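S.K.: Sharing input-v1.cif, mmCIF, C-alpha atoms, pLDDT in the B column; chains and numbers go by the auth columns:
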```cif
data_structure
loop_
_atom_site.group_PDB
_atom_site.id
_atom_site.type_symbol
_atom_site.label_atom_id
_atom_site.label_comp_id
_atom_site.label_asym_id
_atom_site.label_seq_id
_atom_site.Cartn_x
_atom_site.Cartn_y
_atom_site.Cartn_z
_atom_site.B_iso_or_equiv
_atom_site.auth_seq_id
_atom_site.auth_asym_id
ATOM 1 C CA MET A 1 1.634 -7.960 23.743 66.00 260 A
ATOM 2 C CA LYS A 2 1.322 -4.678 21.878 73.00 261 A
ATOM 3 C CA LEU A 3 0.921 -4.646 18.107 69.00 262 A
ATOM 4 C CA GLU A 4 3.458 -2.105 16.852 78.00 263 A
ATOM 5 C CA LYS A 5 3.769 -2.785 13.122 84.00 264 A
ATOM 6 C CA TYR A 6 0.962 -3.606 10.744 88.00 265 A
ATOM 7 C CA ILE A 7 -0.213 -3.167 7.149 89.00 266 A
ATOM 8 C CA LEU A 8 -2.804 -0.431 6.766 92.00 267 A
ATOM 9 C CA ALA A 9 -3.497 -0.913 3.052 93.00 268 A
ATOM 10 C CA ALA A 10 -2.200 -2.434 -0.161 94.00 269 A
ATOM 11 C CA LEU A 11 -2.151 -0.762 -3.569 95.00 270 A
ATOM 12 C CA THR A 12 -1.703 -2.645 -6.795 95.00 271 A
ATOM 13 C CA THR A 13 -2.022 -2.664 -10.534 95.00 272 A
ATOM 14 C CA HIS A 14 -2.116 -6.496 -10.297 91.00 273 A
ATOM 15 C CA PRO A 15 -5.002 -7.570 -8.007 85.00 274 A
ATOM 16 C CA GLU A 16 -3.907 -11.214 -8.114 84.00 275 A
ATOM 17 C CA LYS A 17 -0.734 -10.276 -6.155 80.00 276 A
ATOM 18 C CA VAL A 18 -2.616 -9.149 -3.030 81.00 277 A
ATOM 19 C CA PRO A 19 -3.961 -11.673 -0.528 76.00 278 A
ATOM 20 C CA SER A 20 -7.385 -11.215 1.003 80.00 279 A
ATOM 21 C CA GLY A 21 -7.750 -9.740 4.454 84.00 280 A
ATOM 22 C CA THR A 22 -6.451 -6.239 3.865 83.00 281 A
ATOM 23 C CA THR A 23 -7.794 -3.040 2.339 90.00 282 A
ATOM 24 C CA VAL A 24 -6.788 -2.997 -1.334 93.00 283 A
ATOM 25 C CA PHE A 25 -6.719 -0.051 -3.726 94.00 284 A
ATOM 26 C CA HIS A 26 -6.738 -1.125 -7.389 94.00 285 A
ATOM 27 C CA CYS A 27 -4.915 1.292 -9.689 96.00 286 A
ATOM 28 C CA LYS A 28 -4.795 1.335 -13.465 96.00 287 A
ATOM 29 C CA THR A 29 -1.265 2.720 -13.931 96.00 288 A
ATOM 30 C CA GLN A 30 2.030 2.923 -12.061 94.00 289 A
ATOM 31 C CA GLU A 31 1.639 6.729 -11.980 96.00 290 A
ATOM 32 C CA GLU A 32 -1.771 6.464 -10.306 97.00 291 A
ATOM 33 C CA LEU A 33 -0.360 3.883 -7.872 96.00 292 A
ATOM 34 C CA GLU A 34 2.493 6.170 -6.786 96.00 293 A
ATOM 35 C CA LYS A 35 0.193 9.203 -6.412 97.00 294 A
ATOM 36 C CA ILE A 36 -2.327 7.347 -4.250 97.00 295 A
ATOM 37 C CA ALA A 37 0.452 5.749 -2.175 96.00 296 A
ATOM 38 C CA ALA A 38 1.927 9.186 -1.426 97.00 297 A
ATOM 39 C CA ASN A 39 -1.484 10.533 -0.422 97.00 298 A
ATOM 40 C CA LEU A 40 -2.281 7.540 1.783 96.00 299 A
ATOM 41 C CA GLU A 41 1.070 7.870 3.564 95.00 300 A
ATOM 42 C CA ALA A 42 0.043 11.319 4.726 95.00 301 A
ATOM 43 C CA ILE A 43 -3.586 10.492 5.448 95.00 302 A
ATOM 44 C CA LEU A 44 -2.881 7.283 7.386 93.00 303 A
ATOM 45 C CA ASP A 45 0.380 8.460 8.990 93.00 304 A
ATOM 46 C CA GLY A 46 2.141 5.427 7.546 95.00 305 A
ATOM 47 C CA ILE A 47 5.037 4.605 5.240 96.00 306 A
ATOM 48 C CA ALA A 48 4.683 3.307 1.668 96.00 307 A
ATOM 49 C CA HIS A 49 6.921 0.415 0.663 96.00 308 A
ATOM 50 C CA GLU A 50 7.158 -0.880 -2.894 95.00 309 A
ATOM 51 C CA LEU A 51 7.308 -4.668 -2.667 93.00 310 A
ATOM 52 C CA ASP A 52 7.283 -5.316 -6.394 91.00 311 A
ATOM 53 C CA GLU A 53 6.458 -3.483 -9.587 91.00 312 A
ATOM 54 C CA GLY A 54 2.793 -2.604 -9.275 93.00 313 A
ATOM 55 C CA LEU A 55 2.550 -3.473 -5.566 94.00 314 A
ATOM 56 C CA PHE A 56 2.837 -1.114 -2.583 95.00 315 A
ATOM 57 C CA VAL A 57 1.878 -1.563 1.047 94.00 316 A
ATOM 58 C CA ILE A 58 1.247 1.213 3.545 95.00 317 A
ATOM 59 C CA VAL A 59 2.724 0.172 6.899 95.00 318 A
ATOM 60 C CA LYS A 60 2.380 1.656 10.364 91.00 319 A
ATOM 61 C CA HIS A 61 5.710 1.474 12.223 83.00 320 A
#
```
Just give me the structure as structure tokens.

M.R.:
Amino acid sequence: MKLEKYILAALTTHPEKVPSGTTVFHCKTQEELEKIAANLEAILDGIAHELDEGLFVIVKH
């Protein structure tokens, strides 16, 4: 079985929303969150998905 989709990182302004077991970037503002998510998309060759206000995940498809 080949793993094809997985979470590379999570970004949040609300640390309590992110479960343990993944790389988490804590941001102070929504603006900072969006900027870092855009940069990580390019760096990690992934896609940013906003799951909730203040919570993004970077996913490899």

S.K.: As a check of understanding, name the residues that the PyMOL selection byres ((chain A and resi 282) around 12) selects in the supplied structure, as a ChimeraX atom specification.

M.R.: /A:266-271,274,277-281,283-285,299,315-318

S.K.: What is the atom CA of Glu312 of chain A-atom CA of Glu291 of chain A distance in Å, reported with one decimal?

M.R.: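 Between atom CA of Glu312 of chain A and atom CA of Glu291 of chain A the gap works out to 12.9 Å.
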
S.K.: Tell me, in Å to one decimal, how far atom CA of Ile295 of chain A is from atom CA of Gly313 of chain A.

M.R.: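 Separation of atom CA of Ile295 of chain A and atom CA of Gly313 of chain A: 12.3 Å.
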
S.K.: One decimal, Å: what's the distance from atom CA of Lys264 of chain A over to atom CA of Cys286 of chain A, could you say?

M.R.: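 Distance reported for this atom pair: 24.7 Å.
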
S.K.: Return the single residue from A:Glu293, A:Lys287, A:Lys276, A:Asn298 that is closest to Asp311 of chain A, with distances computed using all atoms listed in the file.

M.R.: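 So, comparing all the options, the nearest one is A:Lys276.
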
S.K.: Restricting the calculation to all atoms listed in the file: of A:Thr288, A:Glu300, A:Lys294, A:His273, which residue gets closest to Leu314 of chain A?

M.R.: A:His273

S.K.: Keeping just N, CA and C atoms, export segment 296-319 of chain A of this structure as a PDB file, in the first residue's frame.

M.R.:
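Generated output (out-v1.pdb):
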```pdb
ATOM      1  N   ALA A 296       1.211  30.041   5.532  1.00  0.00           N
ATOM      2  CA  ALA A 296       0.594  28.948   4.773  1.00  0.00           C
ATOM      3  C   ALA A 296       0.975  29.029   3.297  1.00  0.00           C
ATOM      4  N   ALA A 297       0.944  30.221   2.732  1.00  0.00           N
ATOM      5  CA  ALA A 297       1.312  30.399   1.320  1.00  0.00           C
ATOM      6  C   ALA A 297       2.778  30.034   1.090  1.00  0.00           C
ATOM      7  N   ASN A 298       3.640  30.441   2.004  1.00  0.00           N
ATOM      8  CA  ASN A 298       5.062  30.109   1.875  1.00  0.00           C
ATOM      9  C   ASN A 298       5.304  28.607   2.017  1.00  0.00           C
ATOM     10  N   LEU A 299       4.645  27.970   2.967  1.00  0.00           N
ATOM     11  CA  LEU A 299       4.834  26.541   3.169  1.00  0.00           C
ATOM     12  C   LEU A 299       4.298  25.716   1.998  1.00  0.00           C
ATOM     13  N   GLU A 300       3.240  26.195   1.356  1.00  0.00           N
ATOM     14  CA  GLU A 300       2.747  25.506   0.154  1.00  0.00           C
ATOM     15  C   GLU A 300       3.869  25.360  -0.865  1.00  0.00           C
ATOM     16  N   ALA A 301       4.560  26.452  -1.106  1.00  0.00           N
ATOM     17  CA  ALA A 301       5.638  26.452  -2.093  1.00  0.00           C
ATOM     18  C   ALA A 301       6.843  25.640  -1.620  1.00  0.00           C
ATOM     19  N   ILE A 302       7.226  25.817  -0.387  1.00  0.00           N
ATOM     20  CA  ILE A 302       8.402  25.137   0.144  1.00  0.00           C
ATOM     21  C   ILE A 302       8.199  23.622   0.202  1.00  0.00           C
ATOM     22  N   LEU A 303       7.023  23.191   0.658  1.00  0.00           N
ATOM     23  CA  LEU A 303       6.760  21.768   0.860  1.00  0.00           C
ATOM     24  C   LEU A 303       6.098  21.093  -0.343  1.00  0.00           C
ATOM     25  N   ASP A 304       5.807  21.877  -1.384  1.00  0.00           N
ATOM     26  CA  ASP A 304       5.122  21.355  -2.567  1.00  0.00           C
ATOM     27  C   ASP A 304       3.800  20.699  -2.170  1.00  0.00           C
ATOM     28  N   GLY A 305       3.053  21.415  -1.343  1.00  0.00           N
ATOM     29  CA  GLY A 305       1.759  20.928  -0.864  1.00  0.00           C
ATOM     30  C   GLY A 305       0.666  21.947  -1.148  1.00  0.00           C
ATOM     31  N   ILE A 306      -0.521  21.666  -0.633  1.00  0.00           N
ATOM     32  CA  ILE A 306      -1.670  22.547  -0.814  1.00  0.00           C
ATOM     33  C   ILE A 306      -2.199  22.926   0.566  1.00  0.00           C
ATOM     34  N   ALA A 307      -2.465  24.228   0.763  1.00  0.00           N
ATOM     35  CA  ALA A 307      -3.024  24.705   2.029  1.00  0.00           C
ATOM     36  C   ALA A 307      -4.549  24.634   1.968  1.00  0.00           C
ATOM     37  N   HIS A 308      -5.134  24.099   3.016  1.00  0.00           N
ATOM     38  CA  HIS A 308      -6.585  24.032   3.147  1.00  0.00           C
ATOM     39  C   HIS A 308      -6.972  24.682   4.469  1.00  0.00           C
ATOM     40  N   GLU A 309      -7.930  25.603   4.419  1.00  0.00           N
ATOM     41  CA  GLU A 309      -8.419  26.220   5.645  1.00  0.00           C
ATOM     42  C   GLU A 309      -9.563  25.373   6.178  1.00  0.00           C
ATOM     43  N   LEU A 310      -9.353  24.748   7.326  1.00  0.00           N
ATOM     44  CA  LEU A 310     -10.372  23.883   7.913  1.00  0.00           C
ATOM     45  C   LEU A 310     -11.361  24.656   8.766  1.00  0.00           C
ATOM     46  N   ASP A 311     -10.899  25.742   9.337  1.00  0.00           N
ATOM     47  CA  ASP A 311     -11.714  26.560  10.224  1.00  0.00           C
ATOM     48  C   ASP A 311     -10.997  27.894  10.353  1.00  0.00           C
ATOM     49  N   GLU A 312     -11.681  28.884  10.883  1.00  0.00           N
ATOM     50  CA  GLU A 312     -11.012  30.161  11.104  1.00  0.00           C
ATOM     51  C   GLU A 312      -9.847  29.931  12.064  1.00  0.00           C
ATOM     52  N   GLY A 313      -8.661  30.316  11.620  1.00  0.00           N
ATOM     53  CA  GLY A 313      -7.480  30.152  12.456  1.00  0.00           C
ATOM     54  C   GLY A 313      -6.852  28.777  12.397  1.00  0.00           C
ATOM     55  N   LEU A 314      -7.239  27.956  11.392  1.00  0.00           N
ATOM     56  CA  LEU A 314      -6.681  26.605  11.295  1.00  0.00           C
ATOM     57  C   LEU A 314      -6.509  26.193   9.835  1.00  0.00           C
ATOM     58  N   PHE A 315      -5.259  26.013   9.427  1.00  0.00           N
ATOM     59  CA  PHE A 315      -4.906  25.530   8.095  1.00  0.00           C
ATOM     60  C   PHE A 315      -4.130  24.228   8.231  1.00  0.00           C
ATOM     61  N   VAL A 316      -4.223  23.377   7.215  1.00  0.00           N
ATOM     62  CA  VAL A 316      -3.331  22.237   7.107  1.00  0.00           C
ATOM     63  C   VAL A 316      -2.679  22.303   5.730  1.00  0.00           C
ATOM     64  N   ILE A 317      -1.436  21.870   5.668  1.00  0.00           N
ATOM     65  CA  ILE A 317      -0.730  21.734   4.400  1.00  0.00           C
ATOM     66  C   ILE A 317      -0.736  20.248   4.084  1.00  0.00           C
ATOM     67  N   VAL A 318      -1.316  19.903   2.919  1.00  0.00           N
ATOM     68  CA  VAL A 318      -1.526  18.499   2.553  1.00  0.00           C
ATOM     69  C   VAL A 318      -0.751  18.181   1.278  1.00  0.00           C
ATOM     70  N   LYS A 319      -0.181  17.007   1.242  1.00  0.00           N
ATOM     71  CA  LYS A 319       0.464  16.487   0.040  1.00  0.00           C
ATOM     72  C   LYS A 319      -0.556  15.589  -0.649  1.00  0.00           C
TER      73      LYS A 319
END
```
